[in-house]
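The file upload-v4.tsv comes next; it holds TSV, C-alpha atoms.
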```tsv
chain	number	residue	atom	x	y	z
A	42	MET	CA	-4.97	20.46	8.75
A	43	LYS	CA	-1.49	19.03	9.36
A	44	TYR	CA	-0.78	15.31	9.59
A	45	LEU	CA	2.04	12.76	9.54
A	46	VAL	CA	1.85	9.59	7.44
A	47	LEU	CA	3.98	6.44	7.83
A	48	GLU	CA	4.27	3.71	5.19
A	49	SER	CA	6.24	0.44	5.48
A	50	SER	CA	3.95	-2.18	3.94
A	51	ALA	CA	6.65	-3.60	1.65
A	52	ALA	CA	10.41	-3.30	1.04
A	53	ALA	CA	10.55	0.52	1.03
A	54	ALA	CA	9.77	2.76	3.98
A	55	SER	CA	8.66	6.38	3.92
A	56	CYS	CA	7.09	9.13	5.97
A	57	ALA	CA	5.44	12.35	4.86
A	58	LEU	CA	4.20	15.50	6.53
A	59	LEU	CA	1.25	17.17	4.83
A	60	GLU	CA	-0.87	20.25	5.34
A	61	GLY	CA	-4.16	19.73	3.58
A	62	ASP	CA	-3.19	18.35	0.18
A	63	LYS	CA	0.22	20.04	0.22
A	64	VAL	CA	3.24	17.81	0.86
A	65	LEU	CA	5.51	19.73	3.26
A	66	GLY	CA	8.15	17.02	3.22
A	67	GLU	CA	8.71	13.34	2.50
A	68	TRP	CA	11.55	10.98	3.41
A	69	TYR	CA	11.90	7.72	1.51
A	70	LEU	CA	14.33	4.82	1.92
A	71	ASN	CA	14.63	1.57	-0.01
A	72	ILE	CA	17.72	0.02	1.54
A	73	PRO	CA	18.48	-3.36	3.18
A	74	GLN	CA	17.68	-2.29	6.73
A	75	THR	CA	14.65	-3.29	8.74
A	76	HIS	CA	11.83	-0.81	9.08
A	77	SER	CA	12.21	-0.98	12.85
A	78	GLN	CA	15.62	0.67	12.37
A	79	THR	CA	14.64	3.32	9.85
A	80	LEU	CA	11.01	4.40	10.20
A	81	LEU	CA	10.93	6.26	13.53
A	82	PRO	CA	14.27	8.02	12.97
A	83	MET	CA	12.94	9.18	9.58
A	84	ALA	CA	9.74	10.50	11.15
A	85	GLU	CA	11.66	12.27	13.91
A	86	GLY	CA	14.07	13.83	11.41
A	87	LEU	CA	11.31	14.92	9.05
A	88	LEU	CA	9.33	16.62	11.82
A	89	ALA	CA	12.45	18.40	13.02
A	90	ALA	CA	13.35	19.52	9.48
A	91	CYS	CA	9.84	20.91	9.01
A	92	GLY	CA	9.76	22.60	12.40
A	93	ALA	CA	6.83	20.48	13.51
A	94	SER	CA	6.05	18.32	16.53
A	95	PRO	CA	3.58	15.48	17.22
A	96	ALA	CA	1.62	17.74	19.58
A	97	GLY	CA	1.03	20.25	16.76
A	98	LEU	CA	-0.48	17.73	14.36
A	99	ASP	CA	-4.19	17.17	13.80
A	100	PHE	CA	-3.92	13.42	13.20
A	101	PHE	CA	-1.61	10.56	12.28
A	102	ALA	CA	-2.09	8.23	9.32
A	103	VAL	CA	-0.75	4.86	8.20
A	104	THR	CA	-1.34	2.27	5.51
A	105	ARG	CA	-3.19	-0.56	7.25
A	106	GLY	CA	-2.69	-3.23	4.57
A	107	PRO	CA	-2.48	-5.39	2.70
A	108	GLY	CA	1.25	-5.97	2.73
A	109	SER	CA	4.06	-7.51	4.71
A	110	PHE	CA	2.68	-8.57	8.09
A	111	THR	CA	5.82	-7.38	9.87
A	112	GLY	CA	6.06	-4.13	7.93
A	113	LEU	CA	2.43	-3.25	8.59
A	114	ARG	CA	2.81	-3.91	12.30
A	115	ILE	CA	5.93	-1.73	12.58
A	116	ALA	CA	4.31	1.35	10.99
A	117	MET	CA	1.04	0.82	12.81
A	118	ALA	CA	2.72	0.43	16.20
A	119	ALA	CA	4.72	3.61	15.59
A	120	VAL	CA	1.61	5.60	14.63
A	121	LYS	CA	-0.43	4.26	17.53
A	122	GLY	CA	2.35	5.12	19.97
A	123	MET	CA	2.81	8.68	18.69
A	124	ALA	CA	-0.95	9.28	18.52
A	125	MET	CA	-1.48	7.98	22.05
A	126	ALA	CA	1.30	10.15	23.46
A	127	ALA	CA	0.02	13.26	21.65
A	128	GLY	CA	-3.67	12.52	22.28
A	129	LYS	CA	-4.49	12.63	18.56
A	130	PRO	CA	-6.77	10.50	16.33
A	131	CYS	CA	-5.57	8.12	13.61
A	132	VAL	CA	-6.56	7.31	10.05
A	133	GLY	CA	-5.81	3.95	8.43
A	134	VAL	CA	-5.94	3.62	4.64
A	135	SER	CA	-5.69	0.80	2.13
A	136	THR	CA	-2.16	0.28	0.82
A	137	LEU	CA	-3.64	-0.44	-2.61
A	138	GLU	CA	-5.67	2.77	-2.68
A	139	ALA	CA	-2.54	4.68	-1.69
A	140	LEU	CA	-0.69	3.08	-4.62
A	141	ALA	CA	-3.46	4.05	-7.05
A	142	ARG	CA	-3.23	7.65	-5.84
A	143	ASN	CA	0.32	7.77	-7.17
A	144	LEU	CA	-1.40	7.95	-10.58
A	145	THR	CA	-3.72	10.87	-9.86
A	146	GLY	CA	-4.06	12.84	-13.11
A	147	PHE	CA	-3.69	9.78	-15.36
A	148	ALA	CA	-6.64	8.58	-17.50
A	149	GLY	CA	-7.65	4.93	-17.66
A	150	THR	CA	-7.59	2.22	-15.00
A	151	ALA	CA	-5.10	1.63	-12.21
A	152	ALA	CA	-4.43	-1.95	-11.17
A	153	ALA	CA	-2.68	-1.68	-7.81
A	154	VAL	CA	-0.81	-4.94	-7.20
A	155	MET	CA	1.52	-6.19	-4.47
A	156	ASP	CA	3.44	-9.43	-4.56
A	157	ALA	CA	1.78	-11.70	-1.98
A	158	ARG	CA	4.03	-14.67	-2.85
A	159	CYS	CA	2.70	-18.22	-3.13
A	160	GLY	CA	1.47	-17.46	-6.67
A	161	GLN	CA	-0.80	-14.63	-5.55
A	162	VAL	CA	-0.95	-10.87	-5.58
A	163	TYR	CA	-2.88	-8.42	-3.46
A	164	ALA	CA	-4.87	-6.36	-5.94
A	165	ALA	CA	-7.56	-3.71	-6.33
A	166	LEU	CA	-8.79	-1.76	-9.34
A	167	PHE	CA	-9.40	1.98	-9.59
A	168	SER	CA	-10.77	4.32	-12.25
A	169	LEU	CA	-8.50	7.25	-13.13
A	170	GLY	CA	-9.75	10.44	-14.68
A	171	SER	CA	-10.97	13.96	-14.14
A	172	GLY	CA	-12.97	12.75	-11.13
A	173	GLY	CA	-9.77	11.66	-9.41
A	174	VAL	CA	-9.25	8.11	-8.19
A	175	GLU	CA	-12.39	6.00	-7.74
A	176	ARG	CA	-12.44	2.43	-6.49
A	177	ILE	CA	-13.78	-0.28	-8.82
A	178	SER	CA	-13.08	-3.43	-6.81
A	179	PRO	CA	-12.26	-4.35	-3.19
A	180	ASP	CA	-8.81	-5.31	-1.95
A	181	GLU	CA	-8.34	-9.02	-2.67
A	182	ALA	CA	-5.75	-11.79	-2.81
A	183	LEU	CA	-5.82	-13.21	-6.37
A	184	SER	CA	-3.77	-15.39	-8.67
A	185	ILE	CA	-2.12	-13.50	-11.53
A	186	GLY	CA	-4.30	-15.49	-13.94
A	187	GLU	CA	-7.46	-14.26	-12.21
A	188	LEU	CA	-6.17	-10.70	-12.28
A	189	SER	CA	-5.28	-10.94	-15.97
A	190	ALA	CA	-8.81	-12.04	-16.85
A	191	ARG	CA	-10.27	-9.05	-15.02
A	192	LEU	CA	-7.86	-6.56	-16.57
A	193	ALA	CA	-8.84	-7.61	-20.09
A	194	GLN	CA	-12.41	-6.41	-19.42
A	195	LEU	CA	-11.50	-2.93	-18.13
A	196	GLU	CA	-11.41	0.51	-19.67
A	197	LYS	CA	-8.07	0.97	-21.40
A	198	PRO	CA	-5.27	1.77	-20.89
A	199	VAL	CA	-4.56	-0.18	-17.71
A	200	PHE	CA	-1.64	0.96	-15.56
A	201	LEU	CA	0.03	-1.55	-13.26
A	202	VAL	CA	1.31	0.08	-10.07
A	203	GLY	CA	2.89	-1.45	-6.97
A	204	ASP	CA	5.75	-3.77	-6.08
A	205	GLY	CA	3.93	-6.56	-7.96
A	206	ALA	CA	3.55	-4.51	-11.17
A	207	GLN	CA	6.61	-5.82	-13.00
A	208	LEU	CA	5.82	-9.41	-12.00
A	209	CYS	CA	2.26	-9.16	-13.33
A	210	TYR	CA	3.34	-7.34	-16.49
A	211	ASN	CA	5.89	-10.04	-17.33
A	212	LYS	CA	3.46	-12.89	-16.61
A	213	ILE	CA	0.62	-11.37	-18.64
A	214	LEU	CA	2.88	-10.69	-21.64
A	215	GLU	CA	4.22	-14.24	-21.39
A	216	GLU	CA	0.66	-15.53	-21.46
A	217	LYS	CA	-0.80	-13.24	-24.13
A	218	GLY	CA	2.25	-12.53	-26.29
A	219	GLU	CA	1.37	-8.84	-26.38
A	220	ALA	CA	-0.92	-6.45	-24.54
A	221	PRO	CA	-0.50	-2.91	-25.92
A	222	TRP	CA	-3.22	-1.66	-23.59
A	223	LEU	CA	-1.23	-2.72	-20.51
A	224	ARG	CA	1.35	-0.30	-19.15
A	225	LEU	CA	3.72	-0.10	-16.23
A	226	ALA	CA	3.52	2.97	-14.03
A	227	PRO	CA	6.74	5.03	-14.25
A	228	PRO	CA	9.41	3.80	-11.80
A	229	HIS	CA	9.21	6.92	-9.62
A	230	LEU	CA	5.44	6.41	-9.22
A	231	ARG	CA	5.38	2.63	-9.02
A	232	TYR	CA	6.04	1.96	-5.35
A	233	GLN	CA	4.41	2.69	-2.02
A	234	ARG	CA	4.91	6.32	-0.93
A	235	ALA	CA	3.73	8.03	2.23
A	236	ALA	CA	2.75	11.18	0.31
A	237	ALA	CA	0.25	9.24	-1.83
A	238	ALA	CA	-1.05	7.51	1.30
A	239	GLY	CA	-1.54	11.02	2.67
A	240	ALA	CA	-3.94	11.86	-0.16
A	241	ALA	CA	-5.98	8.78	0.73
A	242	ALA	CA	-5.82	9.68	4.43
A	243	LEU	CA	-7.09	13.22	3.84
A	244	ALA	CA	-10.07	11.84	1.90
A	245	ALA	CA	-10.78	9.40	4.73
A	246	TRP	CA	-10.49	12.17	7.32
A	247	GLU	CA	-12.97	14.30	5.39
A	248	ARG	CA	-15.37	11.33	5.32
A	249	GLY	CA	-15.19	11.19	9.12
A	250	GLU	CA	-13.24	7.92	9.28
A	251	ALA	CA	-10.68	8.92	11.92
A	252	VAL	CA	-10.52	6.61	14.94
A	253	ASP	CA	-8.91	6.47	18.35
A	254	CYS	CA	-5.47	4.86	18.21
A	255	GLY	CA	-6.77	1.82	20.10
A	256	ALA	CA	-9.26	1.07	17.32
A	257	LEU	CA	-6.66	1.12	14.53
A	258	GLU	CA	-6.12	-2.41	13.18
A	259	PRO	CA	-4.17	-3.93	10.25
A	260	VAL	CA	-5.94	-5.62	7.33
A	261	TYR	CA	-3.96	-8.65	6.17
A	262	LEU	CA	-6.40	-10.28	3.65
A	263	ARG	CA	-4.79	-13.65	4.41
A	264	LEU	CA	-4.14	-15.61	7.58
A	265	PRO	CA	-0.64	-15.24	9.06
A	266	GLN	CA	1.84	-17.78	7.70
A	267	ALA	CA	1.98	-19.73	10.97
A	268	GLN	CA	-1.78	-20.30	10.84
A	269	ARG	CA	-1.67	-21.22	7.14
A	270	GLU	CA	1.11	-23.73	7.78
A	271	LEU	CA	-0.80	-25.25	10.69
A	272	LEU	CA	-3.92	-25.65	8.56
A	273	LYS	CA	-1.88	-27.24	5.75
A	274	LYS	CA	-0.21	-29.59	8.22
A	275	GLN	CA	-3.58	-30.63	9.60
A	276	SER	CA	-4.87	-31.24	6.07
A	277	GLY	CA	-1.72	-33.12	5.02
A	278	ALA	CA	-0.75	-30.57	2.32
A	279	ALA	CA	2.84	-29.56	1.57
A	280	PRO	CA	4.15	-26.43	3.37
A	281	GLU	CA	4.11	-23.14	1.48
A	282	LYS	CA	7.31	-21.75	0.00
A	283	GLY	CA	8.21	-18.09	-0.35
A	284	SER	CA	5.43	-16.87	1.93
A	285	ARG	CA	5.24	-13.23	2.85
A	286	LEU	CA	5.22	-12.70	6.62
```
If you took the structure in this file and wrote it as structure tokens, what would it be?
Amino acid sequence: MKYLVLESSAAAASCALLEGDKVLGEWYLNIPQTHSQTLLPMAEGLLAACGASPAGLDFFAVTRGPGSFTGLRIAMAAVKGMAMAAGKPCVGVSTLEALARNLTGFAGTAAAVMDARCGQVYAALFSLGSGGVERISPDEALSIGELSARLAQLEKPVFLVGDGAQLCYNKILEEKGEAPWLRLAPPHLRYQRAAAAGAAALAAWERGEAVDCGALEPVYLRLPQAQRELLKKQSGAAPEKGSRL
């Protein structure tokens, strides 16, 4: 079972080629270039380096959200295009589940968090232990205050993982003064990685969740900014600042 995974839901971009649960190769970039410039060349280079081709893969996978609207669309369009050309199925996985799978082998609770701007984070909670990674809560858009209240009730320790981890950690410590049960995931495991998304994709494939490329859709959790601004304008509210597109 060989498959290619693309991930560009936030600032970093990565691609990984896996065979079963073995990572054959992964390319990762976190540089100030747009994903439209970096993602496909990375995928092409990785396949060439591994001696693989799209036609020889069993399926393609991608994180479907939440995350940057533009970043999600770039990776999804790339996967849909390659899958259509090769006649292969696709698997879409939660970005937050993929983040939690960075912490496979840890014991406690993973709080996968992404900065959603506008005072919110995208978040989901997962149990970590000998049984692997098991979901506790659905993917949601929450305020950091709401998230903090939920974390205080969970099995300890709680590991914050994702591009919103440092933000949440700082805010919660500012609010509580101290929280010895709250920990940041190590820097090399903190951010979105295609290899971890691959672990989630393999589990989804084994559950029979592969779809035709035409049925693959992003999951945003919030309305696009243009729609939010229109609704605010119609209601007379002030425009949002710092929105994530």
Exercise for review: Mind checking which residues fall within 8 Å of Gly186 in chain A, counting all atoms listed in the file, ignoring those fewer than 3 positions away in the same chain, and posting them as a list in words?
Suggested key: Ser189, Ala190 and Ile213 of chain A
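CA of Ala119 in chain A lies 18.6 Å from CA of Gly66 in chain A.
Of the residues under consideration (A:Arg114, A:Asp99, A:Arg158, A:Glu187), A:Asp99 shows the shortest atom-to-atom contact distance to Ala127 in chain A when counting only C-alpha atoms.
Atom pair CA of Trp246 in chain A / CA of Asp156 in chain A has a distance of 28.3 Å (rounded to one decimal).
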Given 8 Å of margin on each side, can you work out the centre and size in Å (one decimal) of an axis-aligned box holding every listed atom of range 86-94 of chain A, as lines of an AutoDock Vina configuration file?
```
center_x = 10.1
center_y = 18.2
center_z = 12.8
size_x = 24.0
size_y = 24.8
size_z = 23.5
```
Point to revise | Using all atoms listed in the file: which of A:Ala53, A:Ile115, A:Lys217, A:Ala256 has the shortest distance to Ala235 in chain A | key: A:Ala53
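Here the question is which of A:Val132, A:Ala153, A:Ala52, A:Leu144 gets nearest to Thr75 in chain A using all atoms listed in the file, and that residue is A:Ala52.
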Point to revise | Distance query range 133-141 of chain A at most 7 Å, all atoms listed in the file, self and fewer than 3 positions along chain excluded, as a PyMOL selection string | key: chain A and resi 102-107+144+151+153+164-165+167+202-203+232-233+237-238+241-242+257
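The shortest atom-to-atom distance to Pro221 in chain A, with only C-alpha atoms taken into account, belongs to A:Val199 out of A:Ala236, A:Val64, A:Ala84, A:Val199.
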Review point. Could you name the residues that touch range 170-173 of chain A at 8 Å or less, counting all atoms listed in the file, but leaving out those on the same chain fewer than 6 positions away, as a ChimeraX atom specification?
Key: /A:145-149
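The interatomic distance for the pair CA of Ser168 in chain A and CA of Leu192 in chain A works out to 12.1 Å.
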**Study point:** Residue with smallest distance to Ala152 in chain A - pool A:Met83, A:Leu98, A:Ala93, A:Leu223, counting all atoms listed in the file
**Key:** A:Leu223
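Remark: for Ala90 in chain A, the closest of the candidate residues A:Ala57, A:Pro73, A:Ala251, A:Gly112 is A:Ala57 (distances computed over only C-alpha atoms).
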Exercise for review: Please provide the set of residues having any atom within 12 Å of Gly86 in chain A, restricted to only C-alpha atoms, with same-chain residues fewer than 5 positions apart removed, written as a PyMOL selection string.
Suggested key: chain A and resi 55-58+66-69+79-81+91-94
Name the residues in contact with Gly160 in chain A at a cut-off of 9 Å, using all atoms listed in the file, excluding same-chain residues fewer than 5 positions from it; report them as a short mmCIF file (atom, residue, chain, number, x, y, z; two decimals) with C-alpha atoms, in the coordinates of the input.
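Written out: out-v8.cif:
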```
data_model
loop_
_atom_site.label_atom_id
_atom_site.label_comp_id
_atom_site.auth_asym_id
_atom_site.auth_seq_id
_atom_site.Cartn_x
_atom_site.Cartn_y
_atom_site.Cartn_z
CA LEU A 183 -5.82 -13.21 -6.37
CA SER A 184 -3.77 -15.39 -8.67
CA ILE A 185 -2.12 -13.50 -11.53
#
```
Please complete range 112-123 of chain A with all heavy atoms and give it back as a PDB file, in the frame of the given file.
```
ATOM      1  N   GLY A 112       5.995  -5.530   8.301  1.00  0.00           N
ATOM      2  CA  GLY A 112       6.060  -4.130   7.930  1.00  0.00           C
ATOM      3  C   GLY A 112       4.834  -3.348   8.359  1.00  0.00           C
ATOM      4  O   GLY A 112       4.937  -2.221   8.864  1.00  0.00           O
ATOM      5  N   LEU A 113       3.670  -3.917   8.171  1.00  0.00           N
ATOM      6  CA  LEU A 113       2.430  -3.250   8.590  1.00  0.00           C
ATOM      7  C   LEU A 113       2.412  -3.019  10.095  1.00  0.00           C
ATOM      8  O   LEU A 113       2.032  -1.950  10.573  1.00  0.00           O
ATOM      9  CB  LEU A 113       1.218  -4.080   8.180  1.00  0.00           C
ATOM     10  CG  LEU A 113       0.934  -4.202   6.687  1.00  0.00           C
ATOM     11  CD1 LEU A 113      -0.218  -5.170   6.438  1.00  0.00           C
ATOM     12  CD2 LEU A 113       0.618  -2.832   6.076  1.00  0.00           C
ATOM     13  N   ARG A 114       2.835  -4.028  10.843  1.00  0.00           N
ATOM     14  CA  ARG A 114       2.810  -3.910  12.300  1.00  0.00           C
ATOM     15  C   ARG A 114       3.780  -2.841  12.793  1.00  0.00           C
ATOM     16  O   ARG A 114       3.482  -2.130  13.758  1.00  0.00           O
ATOM     17  CB  ARG A 114       3.119  -5.261  12.944  1.00  0.00           C
ATOM     18  CG  ARG A 114       2.002  -6.287  12.794  1.00  0.00           C
ATOM     19  CD  ARG A 114       2.209  -7.467  13.728  1.00  0.00           C
ATOM     20  NE  ARG A 114       3.387  -8.245  13.377  1.00  0.00           N
ATOM     21  CZ  ARG A 114       3.384  -9.329  12.622  1.00  0.00           C
ATOM     22  NH1 ARG A 114       2.241  -9.746  12.085  1.00  0.00           N
ATOM     23  NH2 ARG A 114       4.490 -10.001  12.371  1.00  0.00           N
ATOM     24  N   ILE A 115       4.942  -2.718  12.149  1.00  0.00           N
ATOM     25  CA  ILE A 115       5.930  -1.730  12.580  1.00  0.00           C
ATOM     26  C   ILE A 115       5.369  -0.310  12.419  1.00  0.00           C
ATOM     27  O   ILE A 115       5.421   0.508  13.347  1.00  0.00           O
ATOM     28  CB  ILE A 115       7.242  -1.901  11.801  1.00  0.00           C
ATOM     29  CG1 ILE A 115       7.955  -3.175  12.252  1.00  0.00           C
ATOM     30  CG2 ILE A 115       8.157  -0.689  12.003  1.00  0.00           C
ATOM     31  CD1 ILE A 115       9.134  -3.556  11.384  1.00  0.00           C
ATOM     32  N   ALA A 116       4.848   0.007  11.228  1.00  0.00           N
ATOM     33  CA  ALA A 116       4.310   1.350  10.990  1.00  0.00           C
ATOM     34  C   ALA A 116       3.096   1.615  11.867  1.00  0.00           C
ATOM     35  O   ALA A 116       2.941   2.715  12.420  1.00  0.00           O
ATOM     36  CB  ALA A 116       3.957   1.522   9.524  1.00  0.00           C
ATOM     37  N   MET A 117       2.244   0.620  12.020  1.00  0.00           N
ATOM     38  CA  MET A 117       1.040   0.820  12.810  1.00  0.00           C
ATOM     39  C   MET A 117       1.379   1.034  14.288  1.00  0.00           C
ATOM     40  O   MET A 117       0.792   1.900  14.959  1.00  0.00           O
ATOM     41  CB  MET A 117       0.085  -0.354  12.632  1.00  0.00           C
ATOM     42  CG  MET A 117      -1.270  -0.114  13.265  1.00  0.00           C
ATOM     43  SD  MET A 117      -2.576  -1.117  12.533  1.00  0.00           S
ATOM     44  CE  MET A 117      -2.739  -0.382  10.915  1.00  0.00           C
ATOM     45  N   ALA A 118       2.320   0.267  14.806  1.00  0.00           N
ATOM     46  CA  ALA A 118       2.720   0.430  16.200  1.00  0.00           C
ATOM     47  C   ALA A 118       3.310   1.816  16.428  1.00  0.00           C
ATOM     48  O   ALA A 118       3.050   2.461  17.460  1.00  0.00           O
ATOM     49  CB  ALA A 118       3.719  -0.649  16.596  1.00  0.00           C
ATOM     50  N   ALA A 119       4.120   2.289  15.467  1.00  0.00           N
ATOM     51  CA  ALA A 119       4.720   3.610  15.590  1.00  0.00           C
ATOM     52  C   ALA A 119       3.650   4.703  15.611  1.00  0.00           C
ATOM     53  O   ALA A 119       3.691   5.631  16.436  1.00  0.00           O
ATOM     54  CB  ALA A 119       5.704   3.852  14.445  1.00  0.00           C
ATOM     55  N   VAL A 120       2.682   4.607  14.696  1.00  0.00           N
ATOM     56  CA  VAL A 120       1.610   5.600  14.630  1.00  0.00           C
ATOM     57  C   VAL A 120       0.752   5.565  15.889  1.00  0.00           C
ATOM     58  O   VAL A 120       0.412   6.611  16.462  1.00  0.00           O
ATOM     59  CB  VAL A 120       0.766   5.385  13.360  1.00  0.00           C
ATOM     60  CG1 VAL A 120      -0.606   6.051  13.493  1.00  0.00           C
ATOM     61  CG2 VAL A 120       1.489   5.933  12.142  1.00  0.00           C
ATOM     62  N   LYS A 121       0.406   4.374  16.332  1.00  0.00           N
ATOM     63  CA  LYS A 121      -0.430   4.260  17.530  1.00  0.00           C
ATOM     64  C   LYS A 121       0.292   4.841  18.745  1.00  0.00           C
ATOM     65  O   LYS A 121      -0.313   5.519  19.582  1.00  0.00           O
ATOM     66  CB  LYS A 121      -0.788   2.785  17.780  1.00  0.00           C
ATOM     67  CG  LYS A 121      -1.812   2.242  16.785  1.00  0.00           C
ATOM     68  CD  LYS A 121      -1.857   0.729  16.766  1.00  0.00           C
ATOM     69  CE  LYS A 121      -2.587   0.135  17.934  1.00  0.00           C
ATOM     70  NZ  LYS A 121      -4.040   0.136  17.751  1.00  0.00           N
ATOM     71  N   GLY A 122       1.602   4.591  18.834  1.00  0.00           N
ATOM     72  CA  GLY A 122       2.350   5.120  19.970  1.00  0.00           C
ATOM     73  C   GLY A 122       2.425   6.632  19.954  1.00  0.00           C
ATOM     74  O   GLY A 122       2.213   7.283  20.987  1.00  0.00           O
ATOM     75  N   MET A 123       2.729   7.220  18.783  1.00  0.00           N
ATOM     76  CA  MET A 123       2.810   8.680  18.690  1.00  0.00           C
ATOM     77  C   MET A 123       1.444   9.325  18.926  1.00  0.00           C
ATOM     78  O   MET A 123       1.340  10.358  19.598  1.00  0.00           O
ATOM     79  CB  MET A 123       3.364   9.088  17.326  1.00  0.00           C
ATOM     80  CG  MET A 123       4.841   8.798  17.159  1.00  0.00           C
ATOM     81  SD  MET A 123       5.556   9.514  15.646  1.00  0.00           S
ATOM     82  CE  MET A 123       4.785   8.478  14.397  1.00  0.00           C
TER      83      MET A 123
END
```
